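**Q** Supplied structure: upload-v2.cif, mmCIF, C-alpha atoms and all ligand atoms.
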```cif
data_work
#
loop_
_atom_site.label_atom_id
_atom_site.label_comp_id
_atom_site.auth_asym_id
_atom_site.auth_seq_id
_atom_site.Cartn_x
_atom_site.Cartn_y
_atom_site.Cartn_z
CA MET A 272 -36.06 -0.11 36.95
CA ILE A 273 -36.03 2.55 34.21
CA ASP A 274 -38.39 0.93 31.77
CA THR A 275 -38.03 2.89 28.58
CA LEU A 276 -37.22 0.21 26.06
CA ASP A 277 -39.99 -0.25 23.51
CA ILE A 278 -40.20 -4.02 23.14
CA ARG A 279 -42.68 -5.90 20.97
CA ILE A 280 -43.74 -8.94 22.96
CA THR A 281 -45.12 -12.12 21.42
CA ARG A 282 -45.87 -14.70 24.08
CA THR A 283 -45.69 -18.41 23.48
CA SER A 284 -48.98 -20.26 23.27
CA ALA A 285 -47.34 -23.49 24.46
CA SER A 286 -45.17 -23.09 27.55
CA ARG A 287 -42.66 -25.92 28.11
CA LEU A 288 -42.31 -25.08 31.81
CA ALA A 289 -44.55 -27.81 33.20
CA ASN A 290 -42.65 -30.47 31.21
CA THR A 291 -39.21 -29.37 32.40
CA ASP A 292 -37.36 -31.62 34.83
CA PHE A 293 -35.79 -29.22 37.31
CA ASN A 294 -34.02 -32.13 39.02
CA ASN A 295 -31.86 -32.74 35.93
CA LEU A 296 -30.95 -29.30 34.68
CA GLY A 297 -27.27 -29.72 33.91
CA PHE A 298 -25.83 -26.56 32.36
CA GLY A 299 -27.18 -24.67 29.35
CA LYS A 300 -29.21 -27.48 27.80
CA ILE A 301 -32.72 -26.24 28.57
CA PHE A 302 -34.00 -22.88 27.40
CA THR A 303 -36.95 -20.89 28.73
CA ASP A 304 -40.08 -20.10 26.71
CA HIS A 305 -38.86 -16.79 25.30
CA MET A 306 -35.83 -15.01 23.88
CA PHE A 307 -34.94 -11.39 23.20
CA VAL A 308 -33.84 -10.32 19.70
CA ALA A 309 -32.77 -6.94 18.28
CA ASP A 310 -31.14 -5.80 15.06
CA TYR A 311 -28.41 -3.29 14.32
CA VAL A 312 -29.23 -1.69 10.98
CA ASP A 313 -28.28 1.71 9.49
CA GLY A 314 -26.16 2.54 12.49
CA GLN A 315 -28.92 1.98 15.07
CA TRP A 316 -30.32 -0.68 17.32
CA LYS A 317 -33.95 -1.43 16.43
CA ASN A 318 -36.68 -4.11 16.30
CA PHE A 319 -36.55 -4.92 20.03
CA GLN A 320 -38.59 -8.07 20.42
CA ILE A 321 -39.33 -10.78 22.93
CA MET A 322 -40.61 -13.83 21.10
CA PRO A 323 -41.00 -17.57 21.69
CA TYR A 324 -37.60 -19.29 21.93
CA GLY A 325 -36.91 -20.89 18.57
CA GLU A 326 -34.85 -20.99 15.43
CA LEU A 327 -33.56 -17.94 13.58
CA ALA A 328 -33.53 -17.86 9.77
CA LEU A 329 -30.06 -16.76 8.66
CA SER A 330 -28.25 -16.53 5.34
CA PRO A 331 -25.33 -18.99 5.12
CA ALA A 332 -23.24 -16.07 3.82
CA ILE A 333 -23.39 -13.97 7.00
CA SER A 334 -19.95 -12.98 8.14
CA VAL A 335 -20.11 -14.51 11.62
CA PHE A 336 -20.01 -17.98 10.01
CA HIS A 337 -16.85 -17.11 8.12
CA TYR A 338 -14.83 -14.66 10.17
CA GLY A 339 -16.23 -15.19 13.65
CA GLN A 340 -17.32 -11.68 14.57
CA ALA A 341 -19.23 -12.74 17.68
CA PHE A 342 -19.03 -12.37 21.44
CA PHE A 343 -21.20 -13.06 24.46
CA GLU A 344 -21.82 -12.46 28.14
CA GLY A 345 -22.87 -14.70 31.01
CA LEU A 346 -24.78 -13.59 34.10
CA LYS A 347 -27.37 -15.05 36.42
CA ALA A 348 -30.81 -14.36 37.90
CA PHE A 349 -31.82 -15.78 41.27
CA LYS A 350 -35.12 -16.27 43.05
CA GLN A 351 -34.93 -14.92 46.57
CA ALA A 352 -36.48 -16.39 49.66
CA ASP A 353 -39.44 -13.97 49.44
CA GLY A 354 -40.06 -14.83 45.76
CA LYS A 355 -38.37 -11.69 44.39
CA ALA A 356 -36.28 -12.12 41.20
CA ILE A 357 -32.85 -10.47 41.07
CA ILE A 358 -30.10 -10.25 38.47
CA PHE A 359 -26.56 -10.21 39.86
CA ARG A 360 -24.47 -7.16 38.86
CA PRO A 361 -25.86 -6.76 35.30
CA TYR A 362 -24.25 -3.35 34.73
CA LYS A 363 -20.80 -4.96 35.11
CA ASN A 364 -21.69 -7.32 32.28
CA ALA A 365 -23.05 -4.39 30.24
CA GLU A 366 -19.68 -2.66 30.63
CA ARG A 367 -17.71 -5.75 29.59
CA PHE A 368 -20.14 -6.40 26.71
CA ASN A 369 -19.10 -3.08 25.22
CA LYS A 370 -15.40 -3.72 25.80
CA SER A 371 -15.77 -6.93 23.78
CA ALA A 372 -17.78 -5.07 21.13
CA GLU A 373 -15.07 -2.47 20.69
CA ARG A 374 -12.27 -5.03 20.31
CA MET A 375 -14.32 -7.06 17.83
CA SER A 376 -15.11 -3.91 15.84
CA MET A 377 -18.80 -4.32 16.60
CA PRO A 378 -21.38 -1.75 17.74
CA GLU A 379 -21.84 -0.96 21.40
CA LEU A 380 -25.21 -1.40 23.06
CA PRO A 381 -26.24 1.30 25.58
CA GLU A 382 -25.82 -0.17 29.07
CA ASP A 383 -29.45 0.56 29.99
CA THR A 384 -30.63 -1.21 26.83
CA PHE A 385 -28.54 -4.25 27.75
CA VAL A 386 -29.91 -4.37 31.30
CA GLN A 387 -33.51 -3.60 30.35
CA SER A 388 -33.58 -6.21 27.58
CA ILE A 389 -32.42 -8.82 30.09
CA ALA A 390 -34.74 -7.65 32.86
CA ALA A 391 -37.76 -7.73 30.52
CA LEU A 392 -36.92 -11.26 29.42
CA VAL A 393 -36.31 -12.49 32.98
CA ASP A 394 -39.60 -10.86 34.01
CA ILE A 395 -41.60 -12.74 31.35
CA ASP A 396 -39.91 -16.05 32.15
CA ARG A 397 -39.61 -15.46 35.91
CA HIS A 398 -41.35 -18.76 36.70
CA TRP A 399 -38.40 -20.49 35.10
CA ILE A 400 -35.95 -19.24 37.77
CA PRO A 401 -35.15 -22.35 39.79
CA SER A 402 -35.16 -22.11 43.54
CA GLU A 403 -33.16 -25.12 44.73
CA LYS A 404 -29.75 -24.60 46.31
CA GLY A 405 -27.06 -24.03 43.68
CA GLN A 406 -29.58 -23.46 40.91
CA SER A 407 -30.17 -20.22 39.02
CA LEU A 408 -31.29 -18.82 35.69
CA TYR A 409 -28.23 -18.41 33.48
CA ILE A 410 -28.52 -15.48 31.06
CA ARG A 411 -26.64 -15.54 27.78
CA PRO A 412 -26.65 -12.24 25.82
CA PHE A 413 -24.66 -12.36 22.58
CA MET A 414 -24.06 -10.44 19.38
CA PHE A 415 -23.04 -11.60 15.92
CA ALA A 416 -22.35 -10.16 12.47
CA THR A 417 -25.07 -10.60 9.85
CA ASP A 418 -23.87 -8.99 6.59
CA PRO A 419 -24.13 -11.65 3.86
CA VAL A 420 -20.77 -10.57 2.41
CA LEU A 421 -17.56 -12.60 2.03
CA GLY A 422 -15.11 -9.70 2.08
CA VAL A 423 -13.06 -9.59 5.28
CA GLN A 424 -14.36 -6.41 6.89
CA PRO A 425 -16.51 -5.46 9.87
CA SER A 426 -20.16 -6.20 9.15
CA SER A 427 -22.57 -3.27 8.95
CA THR A 428 -25.46 -5.25 10.45
CA TYR A 429 -25.66 -7.33 13.64
CA LYS A 430 -28.08 -9.28 15.78
CA TYR A 431 -28.24 -9.06 19.55
CA VAL A 432 -29.96 -12.02 21.19
CA VAL A 433 -30.56 -12.99 24.82
CA LEU A 434 -31.29 -16.56 25.87
CA THR A 435 -32.09 -17.74 29.38
CA SER A 436 -31.49 -21.22 30.73
CA PRO A 437 -32.28 -22.70 34.16
CA VAL A 438 -29.04 -24.29 35.37
CA ALA A 439 -27.42 -26.28 38.13
CA SER A 440 -23.66 -26.27 38.80
CA TYR A 441 -21.31 -26.05 35.82
CA PHE A 442 -18.69 -28.19 37.56
CA THR A 443 -20.04 -31.11 39.53
CA LYS A 444 -16.84 -32.14 41.31
CA ASN A 445 -13.57 -30.77 42.62
CA LEU A 446 -11.28 -30.01 39.69
CA LYS A 447 -8.15 -31.78 38.56
CA VAL A 448 -6.37 -29.27 36.36
CA LYS A 449 -3.31 -29.16 34.15
CA ILE A 450 -1.03 -26.14 33.79
CA GLU A 451 -0.84 -25.76 30.02
CA THR A 452 2.71 -25.30 28.73
CA LYS A 453 2.32 -25.97 25.01
CA TYR A 454 -0.79 -24.22 23.72
CA SER A 455 -1.92 -20.64 24.39
CA ARG A 456 -5.33 -19.13 24.84
CA ALA A 457 -4.37 -15.50 24.30
CA SER A 458 -1.37 -13.37 23.48
CA GLU A 459 -0.28 -9.83 24.23
CA GLY A 460 -2.00 -7.41 21.90
CA GLY A 461 -4.65 -10.04 21.19
CA PHE A 462 -8.17 -10.29 22.53
CA GLY A 463 -8.07 -12.58 25.55
CA PHE A 464 -9.82 -9.89 27.61
CA ALA A 465 -12.82 -9.93 25.23
CA LYS A 466 -15.52 -12.52 25.72
CA CYS A 467 -15.44 -13.37 22.03
CA SER A 468 -16.40 -16.73 20.65
CA GLY A 469 -13.01 -17.34 19.02
CA ASN A 470 -11.29 -17.48 22.42
CA TYR A 471 -13.45 -20.46 23.29
CA ALA A 472 -13.16 -22.13 19.87
CA GLY A 473 -9.37 -22.04 20.12
CA SER A 474 -9.39 -23.56 23.60
CA LEU A 475 -11.41 -26.64 22.65
CA PHE A 476 -8.60 -28.71 21.16
CA PRO A 477 -6.06 -28.19 23.99
CA THR A 478 -8.81 -28.81 26.56
CA ARG A 479 -9.87 -32.00 24.83
CA GLU A 480 -6.26 -33.20 24.85
CA ALA A 481 -6.12 -32.51 28.59
CA VAL A 482 -9.42 -34.32 29.17
CA LYS A 483 -7.96 -37.35 27.37
CA GLU A 484 -5.13 -37.26 29.93
CA GLY A 485 -7.69 -37.30 32.75
CA PHE A 486 -7.93 -33.57 33.58
CA ASP A 487 -11.10 -31.49 33.94
CA GLN A 488 -9.74 -28.10 32.89
CA LEU A 489 -6.61 -26.21 31.94
CA ILE A 490 -4.84 -23.42 33.71
CA TRP A 491 -3.67 -21.18 30.88
CA THR A 492 -0.28 -19.55 31.13
CA ASP A 493 1.32 -16.61 29.30
CA SER A 494 1.90 -17.35 25.63
CA ARG A 495 5.47 -16.03 25.67
CA ASP A 496 7.10 -18.71 27.81
CA HIS A 497 4.33 -20.38 29.84
CA GLN A 498 5.79 -19.25 33.15
CA TYR A 499 2.96 -17.17 34.52
CA ILE A 500 -0.54 -18.23 35.54
CA GLU A 501 -3.38 -16.58 33.64
CA GLU A 502 -6.81 -18.19 34.11
CA LEU A 503 -8.90 -21.32 33.71
CA GLY A 504 -10.82 -22.10 30.53
CA ALA A 505 -14.12 -20.82 31.92
CA ALA A 506 -13.19 -18.99 35.12
CA ASN A 507 -10.51 -16.87 36.77
CA VAL A 508 -8.20 -18.56 39.24
CA MET A 509 -7.30 -17.68 42.83
CA PHE A 510 -5.05 -19.12 45.53
CA VAL A 511 -4.71 -18.67 49.26
CA LEU A 512 -0.96 -18.37 49.95
CA ASP A 513 0.15 -17.94 53.58
CA GLY A 514 -3.28 -16.49 54.39
CA THR A 515 -3.16 -13.98 51.50
CA LEU A 516 -5.65 -14.19 48.65
CA ILE A 517 -3.67 -13.99 45.42
CA THR A 518 -4.88 -13.85 41.82
CA PRO A 519 -3.25 -12.88 38.52
CA SER A 520 -3.61 -9.18 37.79
CA THR A 521 -5.77 -8.61 34.74
CA ARG A 522 -4.18 -7.68 31.43
CA ASP A 523 -5.14 -7.98 27.79
CA THR A 524 -4.78 -11.75 27.86
CA ILE A 525 -7.17 -12.36 30.77
CA LEU A 526 -10.94 -12.00 31.03
CA LYS A 527 -11.72 -9.50 33.78
CA GLY A 528 -14.21 -11.61 35.70
CA ILE A 529 -17.10 -10.14 37.60
CA THR A 530 -17.05 -12.98 40.12
CA ARG A 531 -13.34 -12.24 40.55
CA ASP A 532 -14.25 -8.66 41.43
CA SER A 533 -17.00 -9.79 43.85
CA VAL A 534 -14.64 -12.21 45.64
CA LEU A 535 -11.85 -9.61 45.92
CA THR A 536 -14.35 -7.07 47.26
CA LEU A 537 -15.59 -9.48 49.95
CA ALA A 538 -12.05 -10.47 50.93
CA ARG A 539 -11.04 -6.81 51.34
CA GLU A 540 -14.22 -6.16 53.33
CA TRP A 541 -13.27 -9.03 55.65
CA GLY A 542 -9.76 -7.63 56.13
CA ILE A 543 -8.06 -10.49 54.31
CA PRO A 544 -4.85 -9.44 52.55
CA VAL A 545 -5.36 -9.44 48.79
CA GLU A 546 -2.74 -9.33 46.04
CA GLU A 547 -3.50 -8.92 42.34
CA ARG A 548 -0.15 -9.54 40.66
CA ARG A 549 1.85 -11.76 38.33
CA ILE A 550 1.94 -15.29 39.75
CA SER A 551 4.55 -17.64 38.40
CA VAL A 552 3.99 -21.33 37.82
CA ALA A 553 7.07 -21.97 39.98
CA GLU A 554 5.51 -20.07 42.89
CA VAL A 555 2.36 -22.17 42.68
CA VAL A 556 4.24 -25.46 42.44
CA GLU A 557 6.57 -24.55 45.33
CA GLY A 558 3.65 -23.17 47.33
CA ILE A 559 1.72 -26.41 47.10
CA LYS A 560 4.80 -28.55 47.78
CA LYS A 561 5.67 -26.56 50.91
CA GLY A 562 2.06 -26.40 52.15
CA LYS A 563 1.98 -22.60 51.81
CA ILE A 564 -0.84 -22.70 49.26
CA THR A 565 -3.83 -23.96 51.21
CA GLU A 566 -6.58 -23.27 48.67
CA ALA A 567 -6.91 -23.03 44.90
CA PHE A 568 -10.21 -22.38 43.15
CA GLY A 569 -11.86 -21.09 40.01
CA VAL A 570 -14.21 -18.10 40.17
CA GLY A 571 -16.81 -17.43 37.49
CA THR A 572 -20.48 -16.94 36.82
CA ALA A 573 -21.10 -20.46 35.54
CA ALA A 574 -18.37 -22.00 37.70
CA THR A 575 -19.34 -20.04 40.87
CA ILE A 576 -16.53 -21.00 43.29
CA ALA A 577 -14.99 -24.17 41.86
CA PRO A 578 -12.55 -25.92 44.21
CA ILE A 579 -9.34 -27.30 42.71
CA ALA A 580 -8.15 -30.56 44.25
CA GLU A 581 -5.06 -31.18 42.13
CA ILE A 582 -2.79 -29.18 39.84
CA SER A 583 -0.37 -30.88 37.43
CA HIS A 584 2.67 -29.32 35.85
CA GLU A 585 4.88 -31.06 33.25
CA GLY A 586 3.33 -34.42 34.15
CA VAL A 587 3.75 -34.10 37.94
CA PRO A 588 0.56 -33.85 40.02
CA TYR A 589 0.46 -31.66 43.14
CA THR A 590 -2.38 -32.25 45.58
CA LEU A 591 -4.07 -29.39 47.42
CA PRO A 592 -5.43 -29.78 50.96
CA ASP A 593 -9.02 -31.12 51.09
CA PRO A 594 -11.24 -28.39 49.50
CA ALA A 595 -14.09 -29.35 51.87
CA LYS A 596 -12.01 -27.80 54.68
CA ALA A 597 -10.98 -24.70 52.70
CA GLU A 598 -11.91 -21.82 54.96
CA PHE A 599 -11.91 -18.85 52.59
CA SER A 600 -13.45 -20.37 49.46
CA ASN A 601 -16.26 -22.05 51.38
CA LYS A 602 -17.01 -18.84 53.27
CA VAL A 603 -17.03 -16.75 50.10
CA LEU A 604 -19.32 -19.19 48.28
CA LYS A 605 -21.71 -19.23 51.24
CA THR A 606 -21.73 -15.43 51.44
CA LEU A 607 -22.27 -14.96 47.70
CA ASN A 608 -25.19 -17.39 47.84
CA GLU A 609 -26.72 -15.69 50.86
CA LEU A 610 -26.43 -12.33 49.14
CA ARG A 611 -28.03 -13.52 45.93
CA TYR A 612 -30.79 -15.48 47.63
CA GLY A 613 -31.57 -12.43 49.77
CA LEU A 614 -30.60 -14.01 53.09
CA VAL A 615 -28.12 -11.29 54.09
CA GLU A 616 -28.05 -7.57 53.45
CA ASP A 617 -26.95 -6.59 49.94
CA GLN A 618 -24.45 -4.04 51.23
CA PHE A 619 -22.72 -3.48 47.88
CA GLU A 620 -26.03 -3.14 45.96
CA TRP A 621 -25.11 -6.00 43.65
CA ASN A 622 -28.67 -7.29 43.23
CA TYR A 623 -30.81 -5.71 40.48
CA THR A 624 -34.45 -6.37 41.27
CA VAL A 625 -36.61 -7.34 38.29
N1 LIG B 701 -12.47 -16.37 32.36
C1 LIG B 701 -13.12 -16.99 31.35
C2 LIG B 701 -12.32 -17.48 30.20
C3 LIG B 701 -14.52 -17.16 31.40
O1 LIG B 701 -15.17 -17.77 30.41
C4 LIG B 701 -15.22 -16.68 32.53
C5 LIG B 701 -16.67 -16.82 32.60
O2 LIG B 701 -17.39 -15.93 32.29
C6 LIG B 701 -14.50 -16.04 33.55
C7 LIG B 701 -13.13 -15.90 33.43
C8 LIG B 701 -15.18 -15.49 34.77
O3 LIG B 701 -15.90 -14.30 34.48
P1 LIG B 701 -17.22 -13.92 35.25
O4 LIG B 701 -16.94 -14.03 36.69
O5 LIG B 701 -17.51 -12.53 34.83
O6 LIG B 701 -18.26 -14.88 34.83
C1 LIG B 702 -19.72 -17.86 32.30
O1 LIG B 702 -19.36 -18.18 33.43
O2 LIG B 702 -20.67 -17.10 32.11
C2 LIG B 702 -19.06 -18.37 31.13
O3 LIG B 702 -19.12 -17.74 30.14
C3 LIG B 702 -18.39 -19.66 31.19
C4 LIG B 702 -18.83 -20.50 30.09
C5 LIG B 702 -18.13 -20.40 28.84
C6 LIG B 702 -19.86 -21.49 30.28
#
```
The structure given in the file should be rewritten as structure tokens.
Ligand code: PLP
Ligand code: COI

**A**
Amino acid sequence: MIDTLDIRITRTSASRLANTDFNNLGFGKIFTDHMFVADYVDGQWKNFQIMPYGELALSPAISVFHYGQAFFEGLKAFKQADGKAIIFRPYKNAERFNKSAERMSMPELPEDTFVQSIAALVDIDRHWIPSEKGQSLYIRPFMFATDPVLGVQPSSTYKYVVLTSPVASYFTKNLKVKIETKYSRASEGGFGFAKCSGNYAGSLFPTREAVKEGFDQLIWTDSRDHQYIEELGAANVMFVLDGTLITPSTRDTILKGITRDSVLTLAREWGIPVEERRISVAEVVEGIKKGKITEAFGVGTAATIAPIAEISHEGVPYTLPDPAKAEFSNKVLKTLNELRYGLVEDQFEWNYTV
């Protein structure tokens, strides 16, 4: 690791580690002892600090509270069989972090600064990385606007913060999803590809409506006429159709997932035909009805590989074959886990050792 970042470190005097119940982690409810904080002032990133996890004092006038200039990333650290700590593909998140920053009119963070800030924090809280199957340390870097000014304009100051949280699975069961045909998550020319907070805020109401109808998640479709599949609320979506792995091609309405890239890379390595293209709702419905679609699953950092058991469209449910027997998605999940836990060779150099 290139360790050049000058970080002021204040360690906690009261670790909460011993009082943490690692058998009931859930997702994103428990935070480690420390957090990373930096400020963007006068056109520069400064005040790099690792400090005890805790509250931040903020003016109620800061622009993030009013105009939502904020975005985040999500990545994971794993403890390997030999005790080594690794972070999975952090430079990919660094790259996407800056894509979000640009679209939100916010400052970029040098990729090495992003990775080193995270590595330093994971290093200090390395005892918090869980080691049970399916568990990991979820890392949440984010940035928000801090000018206490009510004019609608890009802020001139920002905070960059990294939190870490020991987690279990985000989804605890096979998903029952609804193809959304009324609301939209993103539109052409918009910012669906950015991991900005507003994308998630806008998805809460439609998702809650779907949950009331008994669904776990939505499959978002294009905002123009809801005829093409885009992605899930917190993951990209893939299907196995006649033995070919298919997934919507990325565009400005879809988050370009890193798990998506890892899964496509493994599939190509295994010689499985892969298609990144427009996928219509009709193709999915017909494919399930005719038994041509044998697997459907979400792919994401939090979601990992999330099997879909049922997809509904316009009130009609279509049942997928039993996900427990899904050959590709189970193999890809197993392989990703083995790679991250250090049980097979890291041939693509995806693991960043802390
Ligand atoms: N799409 C959305 C809307 C997400 O929130 C996520 C999660 O980060 C993904 C896709 C998957 O992206 P990644 O695999 O990089 O976590
Ligand atoms: C992630 O997988 O990192 C996400 O951001 C999904 C989420 C919103 C929990």

**Q** For range 608-625 of chain A, list every protein, DNA or RNA residue within 9 Å, evaluated using all atoms listed in the file, and leave out those in the same chain fewer than 4 positions away; present the list as a ChimeraX atom specification.

**A** /A:272,348-353,355-361,390-391,393-394,397,402,404-405,533,603-604

**Q** Could you pull the residues within 12 Å of Ala285 in chain A, counting only C-alpha atoms, minus those fewer than 2 positions along the same chain, as a ChimeraX atom specification?

**A** /A:281-283,287-290,303-305,323-324

**Q** If you measure from CA of Tyr499 in chain A to CA of Val545 in chain A, what distance in Å do you get, rounded to one decimal?

**A**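 Between CA of Tyr499 in chain A and CA of Val545 in chain A the gap is 18.2 Å.
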
**Q** Could you list the protein, DNA and RNA residues that have any atom within 6 Å of ligand LIG 702 (chain B), counting only C-alpha atoms and all ligand atoms, and write them as a list of chain:residue names?

**A**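 Within the 6 Å cut-off, the matching residues are A:Gly345, A:Leu346, A:Ala505, A:Gly571, A:Thr572, A:Ala573, A:Ala574.
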
**Q** Please report, as lines of an AutoDock Vina configuration file, the centre and edge lengths in Å to one decimal of an axis-aligned box covering all listed atoms of range 396-406 of chain A with 5 Å per side.

**A**
```
center_x = -34.2
center_y = -20.3
center_z = 39.2
size_x = 24.3
size_y = 19.7
size_z = 24.2
```

**Q** Could you tell me which of A:Asp396, A:Glu403, A:Asp532, A:Glu373 comes closest to ligand LIG 701 (chain B) if we count only C-alpha atoms and all ligand atoms?

**A**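 Among A:Asp396, A:Glu403, A:Asp532, A:Glu373, it is A:Asp532 that comes nearest to ligand LIG 701 (chain B).
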
**Q** Would you list the residues that come within 9 Å of ligand LIG 701 (chain B)? Count all atoms listed in the file and give the answer as a ChimeraX atom specification.

**A** /A:344-346,363-364,367,456,463-464,466,470-471,502-508,525-533,569-575

**Q** So that I can see what lies close to Phe486 in chain A, please list as a PyMOL selection string the residues with an atom at most 8 Å from it, counting only C-alpha atoms and leaving out residues fewer than 5 positions away in the same chain.

**A** chain A and resi 446-449+481

**Q** Would you please work out which residue, of A:Tyr338, A:His398, A:Pro437, A:Gly473, is nearest to Asp292 in chain A when using all atoms listed in the file?

**A**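 Answer, going by the shortest atom-to-atom distance: A:Pro437.
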
**Q** Reconstruct N, CA, C and O atoms of range 402-414 of chain A; output as a tab-separated table (two decimals), keeping the file's coordinate frame.

**A**
```tsv
chain	number	residue	atom	x	y	z
A	402	SER	N	-35.34	-22.60	42.18
A	402	SER	CA	-35.16	-22.11	43.54
A	402	SER	C	-34.35	-23.05	44.43
A	402	SER	O	-34.07	-22.73	45.58
A	403	GLU	N	-33.96	-24.20	43.90
A	403	GLU	CA	-33.16	-25.12	44.73
A	403	GLU	C	-31.75	-24.57	44.92
A	403	GLU	O	-31.24	-23.81	44.09
A	404	LYS	N	-31.12	-25.04	46.00
A	404	LYS	CA	-29.75	-24.60	46.31
A	404	LYS	C	-28.82	-24.86	45.11
A	404	LYS	O	-28.84	-25.95	44.53
A	405	GLY	N	-28.03	-23.86	44.77
A	405	GLY	CA	-27.06	-24.03	43.68
A	405	GLY	C	-27.65	-23.80	42.29
A	405	GLY	O	-26.92	-23.75	41.32
A	406	GLN	N	-28.97	-23.68	42.22
A	406	GLN	CA	-29.58	-23.46	40.91
A	406	GLN	C	-29.81	-21.97	40.66
A	406	GLN	O	-29.90	-21.18	41.60
A	407	SER	N	-29.91	-21.61	39.38
A	407	SER	CA	-30.17	-20.22	39.02
A	407	SER	C	-30.63	-20.18	37.57
A	407	SER	O	-30.67	-21.21	36.90
A	408	LEU	N	-30.95	-18.98	37.11
A	408	LEU	CA	-31.29	-18.82	35.69
A	408	LEU	C	-30.07	-18.17	35.03
A	408	LEU	O	-29.73	-17.02	35.31
A	409	TYR	N	-29.40	-18.93	34.18
A	409	TYR	CA	-28.23	-18.41	33.48
A	409	TYR	C	-28.72	-17.57	32.30
A	409	TYR	O	-29.62	-17.97	31.56
A	410	ILE	N	-28.10	-16.41	32.12
A	410	ILE	CA	-28.52	-15.48	31.06
A	410	ILE	C	-27.38	-15.34	30.07
A	410	ILE	O	-26.25	-15.06	30.45
A	411	ARG	N	-27.67	-15.56	28.82
A	411	ARG	CA	-26.64	-15.54	27.78
A	411	ARG	C	-26.98	-14.49	26.70
A	411	ARG	O	-27.66	-14.78	25.73
A	412	PRO	N	-26.52	-13.24	26.88
A	412	PRO	CA	-26.65	-12.24	25.82
A	412	PRO	C	-25.50	-12.43	24.83
A	412	PRO	O	-24.39	-12.72	25.25
A	413	PHE	N	-25.76	-12.25	23.55
A	413	PHE	CA	-24.66	-12.36	22.58
A	413	PHE	C	-24.96	-11.51	21.35
A	413	PHE	O	-26.10	-11.12	21.11
A	414	MET	N	-23.91	-11.25	20.58
A	414	MET	CA	-24.06	-10.44	19.38
A	414	MET	C	-23.26	-11.09	18.25
A	414	MET	O	-22.18	-11.63	18.50
```
